[in-house]
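Following: one structure in structure tokens, then a few remarks.
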Amino acid sequence: GESVGLHLPTLSVQEGDNSIINCAYSNSASDYFIWYKQESGKGPQFIIDIRSNMDKRQGQRVTVLLNKTVKHLSLQIAATQPGDSAVYFCAETRDSGGYQKVTFGIGTKLQVIP
Amino acid sequence: GAVVSQHPSWVICKSGTSVKIECRSLDFQATTMFWYRQFPKQSLMLMATSNEGSKATYEQGVEKDKFLINHASLTLSTLTVTSAHPEDSSFYICSASNPQGLNTEAFFGQGTRLTVV
């Protein structure tokens, strides 16, 4: 039967433009945040991470911004390409009995228009 | 980077049968692995935490007798969906963290698509 739940929001971006994907997290005790990219039928792929003692981190074409005051995370993708089309999840982690427990956000589907 | 492998990638089974999914860490030892379930167009939901040599820790609402987890070695965890029903059809994903790594990044398997008919 059909599953009940939130459906992924979609962001459509023209090829070459910059993309900004936002995420709100819930637990102020989370100390490590990760952005994952998931292509259809595949497992999540690590993109970039950031620790709670930082507010910005840059990678190749990607930047993650962390605002702990409002518990908000964003992923910026520069010069978006068709290969960037996927679902993007933010994840928060916190220590739970000696291991890092990962909790995923809802996710955003990025569609790149050629 | 570290590699986590799942097997099988696809499985179709009849209602009432059991299905076993394997999750292996290929180049590191993982004392802890995690099992997630993902329904179409939804996020990954943590089902349970698999601990090597001890019982798994299940999230609220996940039936431990329905989803049997065995973590018999430092490189292998298995998830068995017992007496599967069509509502168990989903994408099951495992992950593992390398405790010797420089950060706590979790590496994910490629997922297993289970279809119960």
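Letters A, B, ... go to the chains of the structure tokens in the order shown; residues in each chain start at 1; ligands are counted from 1 in the same order.
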
At a cut-off of 7 Å, list the chain B residues touching chain A, using only C-alpha atoms, as a short mmCIF file (atom, residue, chain, number, x, y, z; two decimals) with N, CA and C atoms, in the first residue's frame.
```
data_model
loop_
_atom_site.label_atom_id
_atom_site.label_comp_id
_atom_site.auth_asym_id
_atom_site.auth_seq_id
_atom_site.Cartn_x
_atom_site.Cartn_y
_atom_site.Cartn_z
N LYS B 41 10.58 8.34 -1.81
CA LYS B 41 10.47 9.79 -1.64
C LYS B 41 10.48 10.21 -0.17
N GLN B 42 11.06 9.40 0.66
CA GLN B 42 11.18 9.75 2.07
C GLN B 42 12.63 9.64 2.52
N SER B 43 12.86 10.07 3.73
CA SER B 43 14.21 10.07 4.26
C SER B 43 14.58 8.70 4.83
N LEU B 44 15.81 8.56 5.22
CA LEU B 44 16.26 7.33 5.85
C LEU B 44 15.84 7.33 7.31
N GLU B 87 4.04 -4.87 3.03
CA GLU B 87 4.35 -3.57 3.66
C GLU B 87 5.80 -3.47 4.11
N ILE B 93 19.20 0.08 3.99
CA ILE B 93 20.57 0.57 3.84
C ILE B 93 21.32 0.39 5.16
N THR B 104 34.22 11.11 12.29
CA THR B 104 33.21 10.10 12.58
C THR B 104 32.29 9.87 11.39
N PHE B 108 28.18 4.33 3.84
CA PHE B 108 26.94 3.63 3.56
C PHE B 108 27.12 2.56 2.50
N GLY B 109 26.35 1.50 2.66
CA GLY B 109 26.27 0.51 1.62
C GLY B 109 25.42 1.03 0.47
N GLN B 110 25.37 0.25 -0.58
CA GLN B 110 24.63 0.70 -1.77
C GLN B 110 23.13 0.45 -1.65
N GLY B 111 22.72 -0.20 -0.56
CA GLY B 111 21.30 -0.42 -0.35
C GLY B 111 20.79 -1.72 -0.93
#
```

**Request:** For B:Asp88, please output as a PyMOL selection string all residues within 8 Å (counting only C-alpha atoms; exclusion window: fewer than 2 positions along the same chain).
**Result:** chain B and resi 84-86+90+114-116

**Message:** I'd like to know which residues of stretch 5-108 of chain A are strand (DSSP E or B) (by DSSP, run on the backbone); could you write them as a VMD selection string?
**Reply:** chain A and resid 10 to 14 19 to 24 32 to 38 45 to 51 56 to 58 62 to 67 72 to 77 86 to 96 99 to 104 108

Considering only C-alpha atoms, return as a PDB file with N, CA and C atoms, in the first residue's frame whatever protein or nucleic-acid residues lie within 6 Å of A:Ala79, sequence-local ones (same chain, fewer than 6 positions apart) excluded.
```pdb
ATOM      1  N   GLY A  16      24.540  25.684 -14.340  1.00  0.00           N
ATOM      2  CA  GLY A  16      25.477  26.799 -14.244  1.00  0.00           C
ATOM      3  C   GLY A  16      25.177  27.755 -13.106  1.00  0.00           C
ATOM      4  N   ASP A  17      23.925  27.751 -12.645  1.00  0.00           N
ATOM      5  CA  ASP A  17      23.576  28.605 -11.508  1.00  0.00           C
ATOM      6  C   ASP A  17      24.044  27.963 -10.204  1.00  0.00           C
ATOM      7  N   ASN A  18      24.003  28.745  -9.150  1.00  0.00           N
ATOM      8  CA  ASN A  18      24.327  28.218  -7.822  1.00  0.00           C
ATOM      9  C   ASN A  18      23.068  27.661  -7.159  1.00  0.00           C
TER      10      ASN A  18
END
```

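Taking only C-alpha atoms into account, B:Ser73 lies nearest to B:Arg24 out of the set B:Arg24, B:His7, B:Arg37, B:Lys55.
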
**Item:** Which of B:Ser15, B:Thr78, B:Ser83, B:Ser50 sits closest to B:Ala30 [using only C-alpha atoms]
**Value:**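 Closest to B:Ala30 of all the choices is B:Ser50.
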
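Residues within 12 Å of B:Glu63, counting only C-alpha atoms and excluding same-chain residues fewer than 5 positions away, are B:Met47, B:Ala48, B:Ala56, B:Thr57, B:Tyr58, B:Leu68, B:Ile69, B:Thr80, B:Val81, B:Thr82, B:Asp88.
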
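The gap separating atom CA of A:Lys56 from atom CA of A:Pro82 is 25.3 Å, in Å to one decimal.
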
**Message:** Just the number, please: distance in Å from atom CA of B:Phe107 to atom CA of B:Gln6, one decimal.
**Reply:**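 So the two atoms, atom CA of B:Phe107 and atom CA of B:Gln6, lie 11.6 Å apart.
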
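You will find atom CA of B:Asn70 at 20.6 Å from atom CA of B:Ser89.
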
**Request:** Extract, using only C-alpha atoms, all DNA, RNA and protein residues at most 12 Å from A:Gln58, discarding same-chain residues fewer than 4 positions from it, and format them as a VMD selection string.
**Result:** chain A and resid 47 to 50 54 62 to 66 74 to 78

Using all heavy atoms, can you write the selected residues to a file as a compact mmCIF listing (two decimals), in the first residue's frame?
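Final file, selection_2.txt:
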```
# COMPACT_ATOMS: atom_id res chain seq x y z
N ILE A 47 29.24 14.12 1.10
CA ILE A 47 29.63 15.29 0.33
C ILE A 47 30.60 16.15 1.14
O ILE A 47 31.72 16.43 0.71
CB ILE A 47 28.42 16.16 -0.06
CG1 ILE A 47 27.44 15.36 -0.90
CG2 ILE A 47 28.88 17.40 -0.81
CD1 ILE A 47 26.18 16.14 -1.20
N ILE A 48 30.13 16.60 2.29
CA ILE A 48 30.93 17.50 3.12
C ILE A 48 30.41 17.44 4.54
O ILE A 48 29.24 17.14 4.77
CB ILE A 48 30.89 18.94 2.56
CG1 ILE A 48 31.94 19.82 3.24
CG2 ILE A 48 29.49 19.54 2.68
CD1 ILE A 48 32.15 21.17 2.55
N ASP A 49 31.28 17.74 5.47
CA ASP A 49 30.86 17.71 6.87
C ASP A 49 31.32 18.99 7.57
O ASP A 49 32.12 19.76 7.04
CB ASP A 49 31.42 16.48 7.60
CG ASP A 49 32.95 16.41 7.56
OD1 ASP A 49 33.59 17.29 6.94
OD2 ASP A 49 33.51 15.45 8.13
N ILE A 50 30.78 19.20 8.77
CA ILE A 50 31.17 20.36 9.55
C ILE A 50 30.95 20.05 11.02
O ILE A 50 29.96 19.41 11.38
CB ILE A 50 30.39 21.63 9.11
CG1 ILE A 50 30.95 22.87 9.80
CG2 ILE A 50 28.90 21.48 9.39
CD1 ILE A 50 30.43 24.18 9.19
N MET A 54 32.44 25.14 14.20
CA MET A 54 32.69 25.89 12.97
C MET A 54 31.37 26.45 12.47
O MET A 54 30.29 25.95 12.80
CB MET A 54 33.31 24.99 11.91
CG MET A 54 34.58 24.30 12.34
SD MET A 54 35.11 23.04 11.16
CE MET A 54 35.52 24.07 9.75
N VAL A 62 31.43 23.04 -3.27
CA VAL A 62 30.40 23.00 -2.22
C VAL A 62 30.86 23.74 -0.98
O VAL A 62 32.05 23.76 -0.66
CB VAL A 62 30.01 21.55 -1.84
CG1 VAL A 62 29.33 20.85 -3.00
CG2 VAL A 62 31.21 20.77 -1.35
N THR A 63 29.89 24.36 -0.32
CA THR A 63 30.14 25.08 0.93
C THR A 63 29.02 24.73 1.89
O THR A 63 27.84 24.71 1.49
CB THR A 63 30.16 26.60 0.71
OG1 THR A 63 31.18 26.93 -0.23
CG2 THR A 63 30.44 27.33 2.02
N VAL A 64 29.36 24.44 3.11
CA VAL A 64 28.34 24.19 4.13
C VAL A 64 28.41 25.33 5.15
O VAL A 64 29.49 25.74 5.58
CB VAL A 64 28.52 22.81 4.81
CG1 VAL A 64 29.90 22.64 5.39
CG2 VAL A 64 27.47 22.59 5.87
N LEU A 65 27.25 25.84 5.51
CA LEU A 65 27.13 26.89 6.51
C LEU A 65 26.31 26.35 7.68
O LEU A 65 25.28 25.69 7.47
CB LEU A 65 26.44 28.12 5.92
CG LEU A 65 27.15 28.80 4.75
CD1 LEU A 65 26.31 29.97 4.24
CD2 LEU A 65 28.53 29.29 5.15
N LEU A 66 26.76 26.64 8.87
CA LEU A 66 26.08 26.18 10.07
C LEU A 66 25.73 27.37 10.95
O LEU A 66 26.60 28.18 11.30
CB LEU A 66 26.98 25.21 10.85
CG LEU A 66 26.49 24.75 12.22
CD1 LEU A 66 25.18 23.97 12.10
CD2 LEU A 66 27.56 23.91 12.92
N SER A 74 23.04 24.80 5.76
CA SER A 74 22.79 24.95 4.33
C SER A 74 23.95 24.38 3.53
O SER A 74 25.09 24.35 3.99
CB SER A 74 22.54 26.41 3.96
OG SER A 74 23.73 27.16 4.08
N LEU A 75 23.61 23.95 2.35
CA LEU A 75 24.60 23.44 1.40
C LEU A 75 24.53 24.28 0.15
O LEU A 75 23.45 24.42 -0.44
CB LEU A 75 24.31 21.97 1.05
CG LEU A 75 25.22 21.35 -0.02
CD1 LEU A 75 26.63 21.17 0.54
CD2 LEU A 75 24.66 20.02 -0.51
N GLN A 76 25.64 24.86 -0.22
CA GLN A 76 25.70 25.67 -1.43
C GLN A 76 26.53 24.93 -2.46
O GLN A 76 27.65 24.50 -2.18
CB GLN A 76 26.30 27.04 -1.13
CG GLN A 76 25.50 27.83 -0.10
CD GLN A 76 26.15 29.16 0.25
OE1 GLN A 76 27.17 29.54 -0.32
NE2 GLN A 76 25.56 29.88 1.20
N ILE A 77 25.97 24.79 -3.65
CA ILE A 77 26.67 24.14 -4.75
C ILE A 77 26.90 25.20 -5.83
O ILE A 77 25.95 25.80 -6.33
CB ILE A 77 25.86 22.96 -5.33
CG1 ILE A 77 25.53 21.95 -4.23
CG2 ILE A 77 26.64 22.29 -6.46
CD1 ILE A 77 24.59 20.83 -4.70
N ALA A 78 28.14 25.42 -6.15
CA ALA A 78 28.48 26.43 -7.16
C ALA A 78 28.43 25.81 -8.56
O ALA A 78 28.75 24.64 -8.76
CB ALA A 78 29.87 26.98 -6.89
```

**Complete:** One residue among A:Gln60, A:His72, A:Tyr36, A:Asp55 is nearest to A:Cys23 when using only C-alpha atoms, and that residue is A:His72
